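Heads up, the thing below is written out as structure tokens.
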Amino acid sequence: MIWYGIIISGILNFLTKFLSLSYFDTSKMSPKIKQILSYVPSAVFPAIIFPGIFIDINGSLDLENNPKILASVIAVIIGVFSKNILATIFGGLTAYWFLIFI
């Protein structure tokens, strides 16, 4: 039953993005609207990532003794200095694994 929900939500998500991108004419938009819409993916990204970092298994906010917070800070620092997405991902994962296993 859970797999049906996952598959259906994936299909609906794909269709909403595909239909909005295929039938939306950006040449008719004003430059101000184009500028505002250029920030939408970066505004949605934190909404996807932050619950995984700050919310624990029970659904409550976990700020104390949370290795994911320190690992994400390390990943942000690596990303700012290296400007390389692979270095950021591997650096953050290595920091997280180091923190939880040691």
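A note on labels: chains of the structure tokens are A, B, ... as shown, every chain counts residues from 1, and ligands are counted from 1 in their shown order.
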
Set the distance at 8 Å and use only C-alpha atoms: which residues neighbour Ile74 in chain A once local chain neighbours fewer than 3 positions away are removed? I'd like the list as a list in words. Leu70, Ala71, Ile77, Ile78, Gly91, Gly92 and Ala95 of chain A

Residue selection dump (C-alpha atoms) as a JSON list (two decimals), in the first residue's frame:
[["chain", "number", "residue", "atom", "x", "y", "z"],
["A", 70, "LEU", "CA", 27.63, 19.70, 12.66],
["A", 71, "ALA", "CA", 28.10, 17.57, 9.53],
["A", 77, "ILE", "CA", 32.04, 25.24, 4.69],
["A", 78, "ILE", "CA", 33.52, 22.74, 2.23],
["A", 91, "GLY", "CA", 32.92, 15.89, 2.84],
["A", 92, "GLY", "CA", 29.52, 16.09, 4.54],
["A", 95, "ALA", "CA", 31.99, 14.23, 8.59]]

Please return as an MDAnalysis selection string: the residues of chain A that backbone DSSP assigns to alpha helix (DSSP H). chainID A and resid 2:22 31:37 40:54 67:82 85:101

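Using only C-alpha atoms, the contacts of Lys68 in chain A at a cut-off of 8 Å, with sequence neighbours closer than 2 positions omitted, comprise Ile53, Phe54, Asn66, Leu70, Ala71, Ser72 and Tyr96 of chain A.
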
Env of Thr88 in chain A: 8 Å cut, atoms = only C-alpha atoms, seq-sep filter 6 positions within chain, self excluded. Answer as a PyMOL selection string. chain A and resi 75-76+78-79+82

So which one's closest to Val73 in chain A, A:Leu93, A:Pro51, A:Gly59, A:Leu86? Using only C-alpha atoms, please.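 Of A:Leu93, A:Pro51, A:Gly59, A:Leu86, the one nearest Val73 in chain A, counting only C-alpha atoms, is A:Leu93.
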
Provide the CA of Leu99 in chain A to CA of Pro67 in chain A distance in Å, to one decimal place.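 Atom-to-atom, CA of Leu99 in chain A and CA of Pro67 in chain A are spaced 6.0 Å apart.
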
Which distance in Å separates CA of Ile48 in chain A and CA of Ile6 in chain A, to one decimal?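 Computing the Euclidean distance for CA of Ile48 in chain A and CA of Ile6 in chain A yields 16.2 Å.
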